[in-house]
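Remarks on the structure that follows.
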Amino acid sequence: MSDQTYQPEHIEIPPVFAWPPRPKEALRYLTVDIMVPWGLFWIATAFVFWRVLTPEMHEMRSFSFGWVAFLWVRNALVLTVIAGGLHWWLYVRKSQNTETKFSRRWLAQGNARFLWGDQVHDNMTFSLVSGVTVWTLYEAATYWWYANGYVSAPAIADGPFYFLITLWAVFFWSTLHFYLNHRLLHTRWLYKVAHERHHLNVVTGPWSGISMHPIEHIIYFTVFLLWWVVPVHPVIIILTGLFQGVSPAVSHSGFDYVRFGGKWRIPAGDNFHNLHHRFFRVNYGNSLMPIDRVFDSWNGGSEEDMQRMKERFGRESGES
Ligand SMILES: [Zn+2]
Ligand SMILES: [Zn+2]
């Protein structure tokens with residue numbers, strides 16, 4: 001705790017899971033809290049990508065270097081714009097200094113645990129070389145599956161309500177999948193060979209989001225496989241990639257809010273996951289679904305939650 005000066009708001013269980021139900025708040029959560037601004041941004045980007053930056057389905061009936069490489073470049077570019085942009089704004093330009101920064105520490109330099117001793121260069125390498133490649137291969141294989149008619153993509157006009165449901169499903173499925181794969185990665189062997197690399201980032205920055213060992217990437221991007229059996233519009237496939245591949249750049253930004261233009265600020269870092277990077281044994285999932293509450297590993301940052309964590313894990317719950 002010595003490492004922190006900024007005190008973010010405590011994270012509560014989302015009202016969609018409240019009992020007794022709180023329908024008005026739940027509706028607001030689903031339409032505003034999840035969506036504004038980032039949910040809508042990912043959805044809008046997915047539509048643009050579908051219109052102008054995704055090859056035609058008939059072209060993807062068989063694999064070829066050309067269209068898969070095109071997807072790789074597209075994905076690498078969007079990650080670089082978001083992660084690189086946030087990094088430049090917050091860590092190079094230091095536009096808001098440490099305002100709403102979770103940790104007082106900055107990103108590591110001269111630390112032999114990272115490639116070239118440099119956390120940023122290390123994180124960029126694992127994100128772009130392994131992360132974007134594995135993401136792109138799963139995404140390409142999913143299009144190939146649809147292009148060959150193993151599952152047929154429903155048109156939006158034929159079922160607009162179904163399309164809307166699948167839009168929300170991306171966020172909830174990704175969260176459920178994240179809990180499951182992340183819990184698996186914390187088993188002794190997988191942690192040692194794979195997940196430890198992501199946890200080298202005790203203090204995280206935008207490029208830490210998908211800075212993972214290739215084995216973790218192969219597990220993490222299995223999120224696409226649900227769409228091999230549940231038919232969805234291609235926009236949903238793109239959105240899944242953006243949410244899984246790029247939104248971690250925002251959630252790992254290390255700052256609770258990004259301030260711009262003087263008085264404007266948008267939410268950025270996810271303190272729930274930030275606490276996972278600090279304490280390891282809490283918050284395996286995201287706060288969107290209270291799975292950690294069920295398994296008594298929820299830490300929303302309150303004094304009470306901190307105390308519970310200490311009682312449960314004793315000395316081992318100390319900061320890394
Ligand atoms: Zn993380
Ligand atoms: Zn972890």
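Ligands are numbered from 1 in the order shown, chains are lettered A, B, ... in the order of the structure tokens, and residues start at 1 in each chain.
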Step one, run DSSP on the backbone; step two, keep only residues of region 104-258 of chain A assigned to strand (DSSP E or B); then write them as a PyMOL selection string. chain A and resi 109+118+255+257-258
Those same residues - C-alpha atoms - I'd like them written as a CSV table (one decimal), in the first residue's frame.
```csv
chain,number,residue,atom,x,y,z
A,109,GLN,CA,14.1,0.7,-17.0
A,118,ASP,CA,13.3,-2.0,-20.7
A,255,PHE,CA,-4.2,5.7,-14.7
A,257,TYR,CA,-8.7,8.6,-15.8
A,258,VAL,CA,-7.1,10.2,-18.9
```
Return as a list in words the residues of protein, DNA or RNA that approach ligand 1 to within 7 Å, with only C-alpha atoms and all ligand atoms taken into account.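 Checked against 7 Å with only C-alpha atoms and all ligand atoms; the hits are His198, Gly209, His252, His273 and His277 of chain A.
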Could you list the protein, DNA and RNA residues that have any atom within 12 Å of ligand 2, counting only C-alpha atoms and all ligand atoms, and write them as a CSV table (one decimal) with N, CA and C atoms, in the first residue's frame?
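Output contents, as saved in pocket12.csv:
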```
chain,number,residue,atom,x,y,z
A,178,PHE,N,-12.4,-14.9,-19.6
A,178,PHE,CA,-11.2,-14.4,-18.9
A,178,PHE,C,-11.0,-15.0,-17.5
A,179,TYR,N,-12.1,-15.1,-16.8
A,179,TYR,CA,-11.9,-15.7,-15.5
A,179,TYR,C,-11.4,-17.1,-15.6
A,180,LEU,N,-12.1,-17.9,-16.5
A,180,LEU,CA,-11.7,-19.3,-16.6
A,180,LEU,C,-10.3,-19.5,-17.0
A,181,ASN,N,-9.9,-18.8,-18.1
A,181,ASN,CA,-8.5,-19.0,-18.6
A,181,ASN,C,-7.5,-18.5,-17.7
A,182,HIS,N,-7.8,-17.4,-17.0
A,182,HIS,CA,-6.9,-16.7,-16.1
A,182,HIS,C,-6.7,-17.6,-14.8
A,183,ARG,N,-7.8,-18.2,-14.4
A,183,ARG,CA,-7.7,-19.1,-13.2
A,183,ARG,C,-6.8,-20.3,-13.5
A,184,LEU,N,-7.0,-20.8,-14.7
A,184,LEU,CA,-6.2,-21.9,-15.2
A,184,LEU,C,-4.7,-21.5,-15.2
A,185,LEU,N,-4.4,-20.3,-15.7
A,185,LEU,CA,-3.0,-19.8,-15.8
A,185,LEU,C,-2.4,-19.6,-14.5
A,186,HIS,N,-3.2,-19.5,-13.4
A,186,HIS,CA,-2.6,-19.4,-12.1
A,186,HIS,C,-2.4,-20.7,-11.4
A,187,THR,N,-2.6,-21.8,-12.1
A,187,THR,CA,-2.2,-23.1,-11.6
A,187,THR,C,-0.6,-23.2,-11.7
A,188,ARG,N,0.0,-23.9,-10.8
A,188,ARG,CA,1.4,-23.8,-10.6
A,188,ARG,C,2.2,-23.9,-11.8
A,190,LEU,N,1.4,-23.8,-15.2
A,190,LEU,CA,1.1,-22.8,-16.2
A,190,LEU,C,1.6,-21.4,-15.8
A,191,TYR,N,1.5,-21.1,-14.5
A,191,TYR,CA,2.0,-19.8,-14.0
A,191,TYR,C,3.5,-19.7,-14.3
A,192,LYS,N,4.2,-20.8,-13.9
A,192,LYS,CA,5.7,-20.7,-14.0
A,192,LYS,C,6.1,-20.6,-15.5
A,194,ALA,N,4.2,-19.8,-18.2
A,194,ALA,CA,3.6,-18.8,-19.1
A,194,ALA,C,3.2,-17.5,-18.4
A,195,HIS,N,2.3,-17.6,-17.4
A,195,HIS,CA,1.6,-16.4,-16.9
A,195,HIS,C,2.6,-15.4,-16.1
A,196,GLU,N,3.7,-16.0,-15.6
A,196,GLU,CA,4.6,-15.2,-14.9
A,196,GLU,C,5.1,-14.0,-15.7
A,197,ARG,N,5.2,-14.2,-17.0
A,197,ARG,CA,5.6,-13.1,-17.9
A,197,ARG,C,4.7,-11.9,-17.8
A,198,HIS,N,3.4,-12.1,-17.8
A,198,HIS,CA,2.5,-11.0,-17.7
A,198,HIS,C,2.6,-10.3,-16.4
A,199,HIS,N,2.9,-11.1,-15.3
A,199,HIS,CA,3.0,-10.6,-14.0
A,199,HIS,C,4.3,-9.9,-13.7
A,200,LEU,N,5.3,-10.0,-14.6
A,200,LEU,CA,6.5,-9.2,-14.4
A,200,LEU,C,6.1,-7.7,-14.3
A,201,ASN,N,4.9,-7.4,-14.9
A,201,ASN,CA,4.4,-6.0,-14.9
A,201,ASN,C,3.6,-5.8,-13.6
A,202,VAL,N,4.3,-5.5,-12.5
A,202,VAL,CA,3.6,-5.2,-11.3
A,202,VAL,C,2.9,-3.8,-11.4
A,209,GLY,N,-0.9,-4.6,-21.6
A,209,GLY,CA,-2.2,-5.2,-21.7
A,209,GLY,C,-2.2,-6.6,-22.2
A,210,ILE,N,-1.6,-6.8,-23.4
A,210,ILE,CA,-1.5,-8.2,-23.9
A,210,ILE,C,0.0,-8.6,-24.1
A,212,MET,N,2.2,-10.9,-23.0
A,212,MET,CA,2.0,-12.2,-22.4
A,212,MET,C,3.0,-13.2,-23.1
A,216,GLU,N,0.3,-18.2,-23.2
A,216,GLU,CA,-0.8,-17.5,-22.7
A,216,GLU,C,-1.7,-17.0,-23.8
A,220,TYR,N,-5.5,-17.5,-24.2
A,220,TYR,CA,-6.3,-16.3,-24.0
A,220,TYR,C,-7.2,-16.0,-25.3
A,272,PHE,N,-9.7,-2.8,-10.6
A,272,PHE,CA,-10.0,-4.1,-10.2
A,272,PHE,C,-8.8,-5.0,-10.6
A,273,HIS,N,-8.4,-4.9,-11.9
A,273,HIS,CA,-7.3,-5.7,-12.4
A,273,HIS,C,-6.0,-5.2,-12.0
A,274,ASN,N,-5.9,-3.9,-11.7
A,274,ASN,CA,-4.7,-3.3,-11.2
A,274,ASN,C,-4.4,-4.0,-9.8
A,275,LEU,N,-5.4,-4.2,-9.0
A,275,LEU,CA,-5.2,-4.9,-7.7
A,275,LEU,C,-4.8,-6.3,-7.9
A,276,HIS,N,-5.2,-7.0,-9.0
A,276,HIS,CA,-4.7,-8.3,-9.3
A,276,HIS,C,-3.2,-8.3,-9.6
A,277,HIS,N,-2.7,-7.3,-10.3
A,277,HIS,CA,-1.3,-7.2,-10.6
A,277,HIS,C,-0.5,-6.9,-9.3
A,278,ARG,N,-1.1,-6.2,-8.3
A,278,ARG,CA,-0.5,-5.9,-7.0
A,278,ARG,C,-0.5,-7.1,-6.1
A,279,PHE,N,-1.6,-7.8,-6.0
A,279,PHE,CA,-1.7,-8.8,-5.0
A,279,PHE,C,-1.9,-10.3,-5.4
A,280,PHE,N,-1.9,-10.5,-6.8
A,280,PHE,CA,-1.8,-11.9,-7.3
A,280,PHE,C,-3.0,-12.8,-7.0
A,281,ARG,N,-3.5,-12.9,-5.8
A,281,ARG,CA,-4.4,-13.9,-5.4
A,281,ARG,C,-5.9,-13.4,-5.3
A,282,VAL,N,-6.1,-12.2,-5.8
A,282,VAL,CA,-7.4,-11.7,-5.8
A,282,VAL,C,-7.8,-11.2,-7.2
A,283,ASN,N,-9.0,-11.1,-7.5
A,283,ASN,CA,-9.5,-10.6,-8.8
A,283,ASN,C,-9.0,-11.3,-10.1
A,284,TYR,N,-9.3,-12.6,-10.1
A,284,TYR,CA,-8.9,-13.3,-11.3
A,284,TYR,C,-9.8,-12.9,-12.5
A,285,GLY,N,-11.0,-12.4,-12.2
A,285,GLY,CA,-11.9,-12.0,-13.3
A,285,GLY,C,-11.9,-10.5,-13.5
A,286,ASN,N,-13.0,-10.0,-14.1
A,286,ASN,CA,-13.2,-8.6,-14.2
A,286,ASN,C,-14.4,-8.2,-13.3
```
Who sits within 10 Å of region 288-291 of chain A, only C-alpha atoms, same chain under 5 positions skipped, as a VMD selection string: chain A and resid 12 to 17 29 34 171 to 173 175 to 176 179 to 180 272 283 296 to 298
Determine, for each residue of region 235-279 of chain A having at least one atom at most 12 Å from an atom of region 122-143 of chain A, the closest pair of atoms and their separation in Å to one decimal, counting only C-alpha atoms; order by chain and ascending number, as a Markdown table.
```
| residue | atom | partner | partner_atom | distance |
| --- | --- | --- | --- | --- |
| A:Val235 | CA | A:Tyr143 | CA | 11.0 |
| A:Ile236 | CA | A:Glu139 | CA | 10.9 |
| A:Ile237 | CA | A:Glu139 | CA | 7.1 |
| A:Ile238 | CA | A:Glu139 | CA | 7.6 |
| A:Leu239 | CA | A:Glu139 | CA | 10.5 |
| A:Thr240 | CA | A:Glu139 | CA | 8.9 |
| A:Gly241 | CA | A:Trp135 | CA | 6.9 |
| A:Leu242 | CA | A:Trp135 | CA | 9.5 |
| A:Phe243 | CA | A:Trp135 | CA | 11.1 |
| A:Gln244 | CA | A:Trp135 | CA | 8.5 |
| A:Gly245 | CA | A:Trp135 | CA | 7.0 |
| A:Val246 | CA | A:Val132 | CA | 9.6 |
| A:Pro248 | CA | A:Ser127 | CA | 10.8 |
| A:Ala249 | CA | A:Ser127 | CA | 10.0 |
| A:His252 | CA | A:Asn123 | CA | 11.7 |
```
Taking N, CA and C atoms for each residue, export the selection above as a short mmCIF file (atom, residue, chain, number, x, y, z; two decimals), in the first residue's frame.
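This is the output file out.cif:
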```
data_model
loop_
_atom_site.label_atom_id
_atom_site.label_comp_id
_atom_site.auth_asym_id
_atom_site.auth_seq_id
_atom_site.Cartn_x
_atom_site.Cartn_y
_atom_site.Cartn_z
N VAL A 235 -19.20 -8.56 -37.62
CA VAL A 235 -18.87 -7.42 -36.74
C VAL A 235 -18.59 -7.91 -35.32
N ILE A 236 -19.32 -8.94 -34.91
CA ILE A 236 -19.14 -9.49 -33.56
C ILE A 236 -17.76 -10.15 -33.44
N ILE A 237 -17.33 -10.79 -34.52
CA ILE A 237 -16.00 -11.44 -34.50
C ILE A 237 -14.92 -10.35 -34.38
N ILE A 238 -15.09 -9.27 -35.13
CA ILE A 238 -14.11 -8.17 -35.07
C ILE A 238 -14.13 -7.54 -33.67
N LEU A 239 -15.33 -7.32 -33.15
CA LEU A 239 -15.47 -6.71 -31.82
C LEU A 239 -14.79 -7.58 -30.76
N THR A 240 -14.93 -8.88 -30.87
CA THR A 240 -14.27 -9.80 -29.93
C THR A 240 -12.76 -9.59 -29.96
N GLY A 241 -12.21 -9.46 -31.16
CA GLY A 241 -10.76 -9.23 -31.29
C GLY A 241 -10.35 -7.91 -30.67
N LEU A 242 -11.14 -6.86 -30.93
CA LEU A 242 -10.80 -5.54 -30.38
C LEU A 242 -10.89 -5.53 -28.87
N PHE A 243 -11.94 -6.16 -28.34
CA PHE A 243 -12.13 -6.16 -26.89
C PHE A 243 -11.04 -6.98 -26.21
N GLN A 244 -10.69 -8.10 -26.82
CA GLN A 244 -9.69 -8.97 -26.22
C GLN A 244 -8.26 -8.47 -26.47
N GLY A 245 -8.06 -7.88 -27.66
CA GLY A 245 -6.71 -7.51 -28.06
C GLY A 245 -6.32 -6.07 -27.72
N VAL A 246 -7.28 -5.14 -27.78
CA VAL A 246 -6.91 -3.74 -27.62
C VAL A 246 -7.42 -3.12 -26.32
N PRO A 248 -7.38 -4.19 -23.37
CA PRO A 248 -6.43 -4.29 -22.24
C PRO A 248 -5.39 -3.16 -22.22
N ALA A 249 -5.15 -2.54 -23.39
CA ALA A 249 -4.22 -1.40 -23.39
C ALA A 249 -4.79 -0.27 -22.54
N HIS A 252 -4.97 -1.49 -18.69
CA HIS A 252 -3.65 -1.56 -18.05
C HIS A 252 -2.92 -0.22 -18.06
#
```
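The two atoms in question, CA of Thr80 (chain A) and CA of Arg61 (chain A), are spaced 28.7 Å apart.
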Give me every helix (DSSP H, G or I) residue in region 125-186 of chain A, going by DSSP on the backbone, as a PyMOL selection string. chain A and resi 125-147+160-185
So the first atom is CA of Ser251 (chain A) and the second is CA of Arg293 (chain A); what is the distance between them in Å, to one decimal place?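 About the pair CA of Ser251 (chain A) and CA of Arg293 (chain A): they are 20.4 Å apart.
Using only C-alpha atoms, the smallest distance between any of A:Thr100, A:Gln307, A:Thr5, A:Asn148 and Ser253 (chain A) comes from A:Thr100.
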So how far away is CA of Ile82 (chain A) from CA of Gly301 (chain A), in Å? 26.9 Å
Can you tell me which residues surround Ala83 (chain A) at a distance of at most 6 Å, considering only C-alpha atoms, apart from same-chain residues fewer than 3 positions away, and format the answer as a PyMOL selection string? chain A and resi 79-80+86-87+206-207+249
Which residue out of A:Arg51, A:His233, A:Lys24, A:His121 has the minimum interatomic distance to Ser208 (chain A) when only C-alpha atoms are used?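 Among A:Arg51, A:His233, A:Lys24, A:His121, it is A:His121 that comes nearest to Ser208 (chain A).
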Which neighbours of Phe70 (chain A) fall inside 10 Å, counting only C-alpha atoms, when residues of the same chain fewer than 6 positions from it are skipped, and could you give them as JSON, numbers by chain? {"A": [53, 54, 55, 76, 136]}
